[in-house]
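> Pasting a structure here, questions to come.
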Amino acid sequence: MKRFRQYRLNKKTRDFYAEVKISVSDFIYPYFVVKGEKVKDAIISMDGVFRFSIDELLKDIAEIVFLGINKILLFGVISDEEKDEKGYEGISSNSIICQAVREIKKQFPQIIVFTDICLCGYTSHGHCGLIRNHDVDNDTTLPLLAEMAYQHAIAGADFVAPSSMMDGEVAYIRQRFKEEKLSTKILGYSAKYASSFYTPFRDAVFSSPSFGTRKTYQIDFRTIDQGLNEIAADIEEGADWIMVKPAMPYLDIVQRASVCFPNYPLVTYQVSGEYAMLKQGARVNFFDGKQIFFESLIAIKRAGAKYIVSYYAKEFANEQ
Ligand code: PBG
């Protein structure tokens with residue numbers, strides 16, 4: 001008989017034999033930024049997540065810095081009246097994200113800032129690129145994404161994170177950075193599956209497509225090879241870091257990616273729907289919030305993730 005229970009005797013032995021660990025420095029904390037002052041607007045579907053104006057954002061960042069979080073991911077949120085066909089608000093040098101990045105870097109130069117590069121929060125139709133013939137047009141979208149990335153980079157972003165799933169977006173942005181002699185890094189949202197788990201996020205940034213779906217550009221979740229090939233392509237195009245998204249329902253892909261691409265830091269995104277699901281379950285006492293998040297985050301790391309984008313990061317840090 002093999003004696004396994006000796007490894008589980010008490011907390012001390014369990015801690016000793018734990019193979020997978022997680023710490024505050026593993027997290028990238030997402031923020032939603034809006035115009036105005038003194039805005040801290042609760043997002044109904046995501047308990048504990050807010051839309052911040054820049055002044056309030058800076059206060060919150062002071063708190064997470066104190067807790068030891070040093071990586072953040074920014075999303076801009078604008079009103080419907082400010083949106084247009086091409087998402088101009090998102091690519092201007094004075095966009096809400098450019099303003100936020102400049103202020104953050106002034107006050108917290110040590111924070112590593114990632115910015116989301118996508119048109120969906122800024123276009124009137126809510127799609128991630130330009131529309132032609134009732135579908136998103138890949139190649140005419142690329143220069144706009146590169147312009148947005150360039151603006152974020154000169155505002156001071158450390159990483160841009162292209163998430164629109166247009167073919168060639170990483171190469172296009174990398175080329176633009178080369179021309180401008182910028183050393184800004186690129187985190188490719190490489191394997192981004194077309195997922196219903198993004199629904200609460202779309203409410204948060206008012207970016208639900210007004211027609212059609214994102215299935216013509218995001219990856220079909222019945223595929224494995226497409227996910228891995230998208231990652232390989234992003235690396236070839238010049239991505240520094242890679243991502244699999246969502247996290248928990250896609251841990252098979254996370255595991256494969258970590259084995260196939262061991263030399264590229266692998267980020268996973270515990271997306272809005274995953275967060276909302278666990279939060280709601282905890283709210284009605286189906287399970288303990290702290291325990292369920294700890295287990296889910298360990299599972300993501302066990303599958304091979306190096307970093308985790310999670311709305312839970314601040315709470316996790318608070319629990320340490
Ligand atoms: C923008 C973008 C989305 C998410 C991150 N970047 C939405 C989408 O593609 O539909 C989802 C994040 C989340 O659900 O937490 N393209």
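Naming works like this for the structure tokens: A, B, ... for the chains as they're shown, residue 1 at the start of each chain, ligands 1 onward in shown order.
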Could you list, as a count of residues only, all protein and nucleic acid residues with an atom at most 6 Å from ligand 1, counting only C-alpha atoms and all ligand atoms?

8

> Determine, counting only C-alpha atoms, which protein, DNA and RNA residues have an atom within 9 Å of an atom of Asn138 in chain A; residues of the same chain fewer than 2 positions away are not included. Present the result as a ChimeraX atom specification.

/A:129-130,136,140-142,166-169,217

> Give me, as a ChimeraX atom specification, all polymer residues having an atom no more than 7 Å from Leu67 in chain A, counting only C-alpha atoms and skipping those fewer than 2 positions away in the same chain.

/A:63-65,69,317-318

> Take the selection from the previous step and output its residues with N, CA, C and O atoms, as a PDB file, in the first residue's frame.


ATOM      1  N   GLU A  63      -3.494  52.451  -3.863  1.00  0.00           N
ATOM      2  CA  GLU A  63      -3.823  51.322  -2.976  1.00  0.00           C
ATOM      3  C   GLU A  63      -3.202  50.011  -3.463  1.00  0.00           C
ATOM      4  O   GLU A  63      -2.627  49.262  -2.677  1.00  0.00           O
ATOM      5  N   ILE A  64      -3.307  49.740  -4.756  1.00  0.00           N
ATOM      6  CA  ILE A  64      -2.770  48.449  -5.235  1.00  0.00           C
ATOM      7  C   ILE A  64      -1.240  48.431  -5.197  1.00  0.00           C
ATOM      8  O   ILE A  64      -0.637  47.389  -4.971  1.00  0.00           O
ATOM      9  N   VAL A  65      -0.636  49.608  -5.403  1.00  0.00           N
ATOM     10  CA  VAL A  65       0.826  49.685  -5.299  1.00  0.00           C
ATOM     11  C   VAL A  65       1.246  49.331  -3.874  1.00  0.00           C
ATOM     12  O   VAL A  65       2.173  48.547  -3.654  1.00  0.00           O
ATOM     13  N   ILE A  69       0.808  45.059  -6.037  1.00  0.00           N
ATOM     14  CA  ILE A  69       0.494  44.789  -7.451  1.00  0.00           C
ATOM     15  C   ILE A  69       1.271  45.800  -8.296  1.00  0.00           C
ATOM     16  O   ILE A  69       1.279  46.989  -7.996  1.00  0.00           O
ATOM     17  N   ALA A 317      -4.734  40.361  -3.201  1.00  0.00           N
ATOM     18  CA  ALA A 317      -3.622  41.052  -2.520  1.00  0.00           C
ATOM     19  C   ALA A 317      -4.034  41.452  -1.116  1.00  0.00           C
ATOM     20  O   ALA A 317      -3.232  41.385  -0.175  1.00  0.00           O
ATOM     21  N   ASN A 318      -5.281  41.856  -0.961  1.00  0.00           N
ATOM     22  CA  ASN A 318      -5.790  42.253   0.352  1.00  0.00           C
ATOM     23  C   ASN A 318      -5.836  41.085   1.333  1.00  0.00           C
ATOM     24  O   ASN A 318      -5.755  41.280   2.547  1.00  0.00           O
TER      25      ASN A 318
END

> If you count only C-alpha atoms, which residues fall within 8 Å of range 266-268 of chain A, apart from same-chain ones fewer than 4 positions away, as a PyMOL selection string?

chain A and resi 241-247+254+257-258+300+304-309

> Which of these residues is nearest to Ile28 in chain A, using only C-alpha atoms: A:Phe211, A:Arg132, A:Phe159, A:Ile224?

A:Phe159

> If you run DSSP on the backbone, which residues of range 46-245 of chain A are strand (DSSP E or B), as an mmCIF file with N, CA, C and O atoms, in the first residue's frame?


data_model
loop_
_atom_site.group_PDB
_atom_site.id
_atom_site.type_symbol
_atom_site.label_atom_id
_atom_site.label_comp_id
_atom_site.auth_asym_id
_atom_site.auth_seq_id
_atom_site.Cartn_x
_atom_site.Cartn_y
_atom_site.Cartn_z
ATOM 1 N N PHE A 50 -15.172 48.713 -11.005
ATOM 2 C CA PHE A 50 -15.696 50.064 -11.216
ATOM 3 C C PHE A 50 -15.184 50.676 -12.513
ATOM 4 O O PHE A 50 -14.171 50.244 -13.058
ATOM 5 N N ARG A 51 -15.914 51.702 -12.974
ATOM 6 C CA ARG A 51 -15.372 52.595 -14.004
ATOM 7 C C ARG A 51 -14.848 53.828 -13.266
ATOM 8 O O ARG A 51 -15.586 54.449 -12.515
ATOM 9 N N PHE A 52 -13.580 54.152 -13.484
ATOM 10 C CA PHE A 52 -12.953 55.247 -12.747
ATOM 11 C C PHE A 52 -12.648 56.428 -13.661
ATOM 12 O O PHE A 52 -12.163 56.230 -14.784
ATOM 13 N N SER A 53 -12.875 57.653 -13.174
ATOM 14 C CA SER A 53 -12.255 58.802 -13.820
ATOM 15 C C SER A 53 -10.794 58.831 -13.368
ATOM 16 O O SER A 53 -10.433 58.168 -12.380
ATOM 17 N N LYS A 71 1.369 45.540 -12.022
ATOM 18 C CA LYS A 71 1.005 45.478 -13.447
ATOM 19 C C LYS A 71 -0.483 45.769 -13.603
ATOM 20 O O LYS A 71 -1.307 45.159 -12.922
ATOM 21 N N ILE A 72 -0.819 46.681 -14.519
ATOM 22 C CA ILE A 72 -2.235 46.999 -14.748
ATOM 23 C C ILE A 72 -2.529 46.990 -16.246
ATOM 24 O O ILE A 72 -1.631 47.204 -17.072
ATOM 25 N N LEU A 73 -3.794 46.719 -16.576
ATOM 26 C CA LEU A 73 -4.248 46.697 -17.966
ATOM 27 C C LEU A 73 -5.405 47.676 -18.094
ATOM 28 O O LEU A 73 -6.381 47.577 -17.344
ATOM 29 N N LEU A 74 -5.281 48.623 -19.023
ATOM 30 C CA LEU A 74 -6.276 49.697 -19.108
ATOM 31 C C LEU A 74 -7.222 49.535 -20.296
ATOM 32 O O LEU A 74 -6.792 49.235 -21.420
ATOM 33 N N PHE A 75 -8.518 49.780 -20.026
ATOM 34 C CA PHE A 75 -9.550 49.847 -21.063
ATOM 35 C C PHE A 75 -10.215 51.213 -20.993
ATOM 36 O O PHE A 75 -10.580 51.666 -19.901
ATOM 37 N N GLY A 76 -10.412 51.848 -22.131
ATOM 38 C CA GLY A 76 -11.127 53.123 -22.163
ATOM 39 C C GLY A 76 -12.614 52.880 -22.380
ATOM 40 O O GLY A 76 -13.006 51.967 -23.108
ATOM 41 N N ASP A 84 -17.932 56.687 -33.243
ATOM 42 C CA ASP A 84 -18.206 56.821 -34.679
ATOM 43 C C ASP A 84 -17.827 55.524 -35.387
ATOM 44 O O ASP A 84 -17.346 54.579 -34.751
ATOM 45 N N ILE A 112 3.893 48.819 -14.273
ATOM 46 C CA ILE A 112 3.976 48.389 -15.671
ATOM 47 C C ILE A 112 2.580 48.492 -16.281
ATOM 48 O O ILE A 112 1.641 47.842 -15.831
ATOM 49 N N VAL A 113 2.464 49.353 -17.283
ATOM 50 C CA VAL A 113 1.148 49.645 -17.854
ATOM 51 C C VAL A 113 0.955 48.914 -19.176
ATOM 52 O O VAL A 113 1.762 49.054 -20.105
ATOM 53 N N PHE A 114 -0.107 48.128 -19.243
ATOM 54 C CA PHE A 114 -0.550 47.465 -20.470
ATOM 55 C C PHE A 114 -1.792 48.199 -20.966
ATOM 56 O O PHE A 114 -2.647 48.562 -20.148
ATOM 57 N N THR A 115 -1.924 48.401 -22.260
ATOM 58 C CA THR A 115 -3.163 48.993 -22.778
ATOM 59 C C THR A 115 -3.780 48.063 -23.812
ATOM 60 O O THR A 115 -3.074 47.440 -24.610
ATOM 61 N N ASP A 116 -5.093 47.991 -23.793
ATOM 62 C CA ASP A 116 -5.832 47.152 -24.743
ATOM 63 C C ASP A 116 -5.907 47.886 -26.081
ATOM 64 O O ASP A 116 -6.270 49.061 -26.132
ATOM 65 N N ILE A 117 -5.539 47.180 -27.150
ATOM 66 C CA ILE A 117 -5.595 47.788 -28.481
ATOM 67 C C ILE A 117 -6.718 47.127 -29.265
ATOM 68 O O ILE A 117 -6.583 45.987 -29.739
ATOM 69 N N THR A 123 -16.193 52.179 -31.454
ATOM 70 C CA THR A 123 -16.971 52.250 -32.698
ATOM 71 C C THR A 123 -18.467 52.243 -32.405
ATOM 72 O O THR A 123 -18.920 51.609 -31.448
ATOM 73 N N LEU A 130 -13.012 47.943 -38.652
ATOM 74 C CA LEU A 130 -13.863 48.697 -39.582
ATOM 75 C C LEU A 130 -14.821 47.765 -40.315
ATOM 76 O O LEU A 130 -14.501 46.612 -40.579
ATOM 77 N N ILE A 131 -15.998 48.298 -40.631
ATOM 78 C CA ILE A 131 -17.009 47.475 -41.305
ATOM 79 C C ILE A 131 -16.977 47.726 -42.820
ATOM 80 O O ILE A 131 -16.915 48.873 -43.277
ATOM 81 N N ARG A 132 -16.961 46.613 -43.578
ATOM 82 C CA ARG A 132 -17.125 46.680 -45.038
ATOM 83 C C ARG A 132 -17.956 45.489 -45.459
ATOM 84 O O ARG A 132 -17.679 44.370 -45.008
ATOM 85 N N ASP A 135 -19.280 43.082 -42.720
ATOM 86 C CA ASP A 135 -18.385 42.301 -41.856
ATOM 87 C C ASP A 135 -17.173 43.162 -41.517
ATOM 88 O O ASP A 135 -16.945 44.204 -42.137
ATOM 89 N N VAL A 136 -16.419 42.712 -40.530
ATOM 90 C CA VAL A 136 -15.232 43.459 -40.142
ATOM 91 C C VAL A 136 -14.150 43.226 -41.188
ATOM 92 O O VAL A 136 -13.838 42.083 -41.540
ATOM 93 N N ASP A 137 -13.594 44.329 -41.690
ATOM 94 C CA ASP A 137 -12.578 44.246 -42.729
ATOM 95 C C ASP A 137 -11.194 44.232 -42.097
ATOM 96 O O ASP A 137 -10.811 45.174 -41.387
ATOM 97 N N PHE A 159 3.547 48.102 -22.376
ATOM 98 C CA PHE A 159 3.092 47.040 -23.279
ATOM 99 C C PHE A 159 1.816 47.506 -23.968
ATOM 100 O O PHE A 159 0.927 48.065 -23.305
ATOM 101 N N VAL A 160 1.676 47.231 -25.245
ATOM 102 C CA VAL A 160 0.353 47.325 -25.860
ATOM 103 C C VAL A 160 -0.145 45.888 -26.047
ATOM 104 O O VAL A 160 0.643 44.971 -26.266
ATOM 105 N N ALA A 161 -1.459 45.718 -25.929
ATOM 106 C CA ALA A 161 -2.030 44.381 -25.994
ATOM 107 C C ALA A 161 -3.136 44.326 -27.047
ATOM 108 O O ALA A 161 -4.299 44.591 -26.751
ATOM 109 N N PRO A 162 -2.745 44.040 -28.309
ATOM 110 C CA PRO A 162 -3.744 43.987 -29.377
ATOM 111 C C PRO A 162 -4.702 42.816 -29.183
ATOM 112 O O PRO A 162 -4.280 41.671 -29.058
ATOM 113 N N LYS A 185 6.791 47.069 -25.724
ATOM 114 C CA LYS A 185 6.583 45.636 -25.916
ATOM 115 C C LYS A 185 5.143 45.330 -26.341
ATOM 116 O O LYS A 185 4.247 46.155 -26.167
ATOM 117 N N ILE A 186 4.982 44.128 -26.872
ATOM 118 C CA ILE A 186 3.655 43.713 -27.345
ATOM 119 C C ILE A 186 3.237 42.414 -26.655
ATOM 120 O O ILE A 186 3.954 41.418 -26.684
ATOM 121 N N LEU A 187 2.068 42.485 -26.003
ATOM 122 C CA LEU A 187 1.427 41.277 -25.470
ATOM 123 C C LEU A 187 0.307 40.916 -26.438
ATOM 124 O O LEU A 187 -0.678 41.641 -26.533
ATOM 125 N N GLY A 188 0.507 39.836 -27.184
ATOM 126 C CA GLY A 188 -0.541 39.422 -28.116
ATOM 127 C C GLY A 188 -1.657 38.712 -27.366
ATOM 128 O O GLY A 188 -1.382 37.846 -26.549
ATOM 129 N N TYR A 189 -2.899 39.100 -27.635
ATOM 130 C CA TYR A 189 -4.033 38.319 -27.121
ATOM 131 C C TYR A 189 -4.163 37.155 -28.090
ATOM 132 O O TYR A 189 -5.169 37.005 -28.774
ATOM 133 N N SER A 190 -3.141 36.316 -28.118
ATOM 134 C CA SER A 190 -2.945 35.427 -29.268
ATOM 135 C C SER A 190 -4.093 34.468 -29.497
ATOM 136 O O SER A 190 -4.666 34.394 -30.577
ATOM 137 N N ALA A 191 -4.420 33.687 -28.456
ATOM 138 C CA ALA A 191 -5.478 32.689 -28.596
ATOM 139 C C ALA A 191 -6.701 33.187 -27.857
ATOM 140 O O ALA A 191 -6.945 32.845 -26.697
ATOM 141 N N LYS A 192 -7.448 34.039 -28.550
ATOM 142 C CA LYS A 192 -8.658 34.603 -27.953
ATOM 143 C C LYS A 192 -9.865 33.941 -28.601
ATOM 144 O O LYS A 192 -10.149 34.145 -29.779
ATOM 145 N N TYR A 193 -10.538 33.128 -27.808
ATOM 146 C CA TYR A 193 -11.674 32.369 -28.313
ATOM 147 C C TYR A 193 -12.954 33.212 -28.271
ATOM 148 O O TYR A 193 -13.096 34.084 -27.405
ATOM 149 N N ILE A 219 -11.615 33.160 -32.204
ATOM 150 C CA ILE A 219 -11.428 31.747 -32.557
ATOM 151 C C ILE A 219 -12.639 30.892 -32.149
ATOM 152 O O ILE A 219 -13.184 31.074 -31.057
ATOM 153 N N TRP A 241 5.121 38.778 -25.354
ATOM 154 C CA TRP A 241 4.371 37.913 -24.456
ATOM 155 C C TRP A 241 3.139 37.416 -25.220
ATOM 156 O O TRP A 241 2.695 38.059 -26.187
ATOM 157 N N ILE A 242 2.598 36.283 -24.759
ATOM 158 C CA ILE A 242 1.439 35.686 -25.435
ATOM 159 C C ILE A 242 0.304 35.446 -24.426
ATOM 160 O O ILE A 242 0.540 35.430 -23.224
ATOM 161 N N MET A 243 -0.908 35.251 -24.945
ATOM 162 C CA MET A 243 -2.049 35.080 -24.040
ATOM 163 C C MET A 243 -3.013 34.010 -24.531
ATOM 164 O O MET A 243 -3.189 33.831 -25.742
ATOM 165 N N VAL A 244 -3.629 33.323 -23.567
ATOM 166 C CA VAL A 244 -4.782 32.464 -23.847
ATOM 167 C C VAL A 244 -5.958 33.041 -23.057
ATOM 168 O O VAL A 244 -5.815 33.415 -21.896
ATOM 169 N N LYS A 245 -7.110 33.067 -23.692
ATOM 170 C CA LYS A 245 -8.273 33.726 -23.106
ATOM 171 C C LYS A 245 -9.550 33.119 -23.640
ATOM 172 O O LYS A 245 -9.618 32.885 -24.850
#

> May I have all residues of range 134-275 of chain A that DSSP, computed from the backbone, assigns to alpha helix (DSSP H), given as a PyMOL selection string?

chain A and resi 138-155+169-179+199-204+225-237+251-260+272-275

> Would you work out the distance separating CA of Gln255 in chain A from CA of Phe32 in chain A, expressed in Å to one decimal?

29.2 Å

> Using only C-alpha atoms, which protein or nucleic acid residues come within 12 Å of range 203-206 of chain A? Drop anything in the same chain fewer than 3 positions from it, and give the result as a ChimeraX atom specification.

/A:31-34,41-47,49-52,74-81,83,119-127,197-200,209-210,272-273,276

> What does the distance from CA of Leu251 in chain A to CA of Lys301 in chain A come to in Å, to one decimal?

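Taking CA of Leu251 in chain A as the start and CA of Lys301 in chain A as the end point, the length is 9.4 Å.
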
> Using only C-alpha atoms, which of A:Ser208, A:Gln151, A:Thr184, A:Gln270 sits nearest Ile298 in chain A?

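Residue with the minimum atom-to-atom distance to Ile298 in chain A: A:Gln270.
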
> How many Å lie between CA of Ser196 in chain A and CA of Pro265 in chain A, rounded to one decimal?

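About the pair CA of Ser196 in chain A and CA of Pro265 in chain A: they are 25.9 Å apart.
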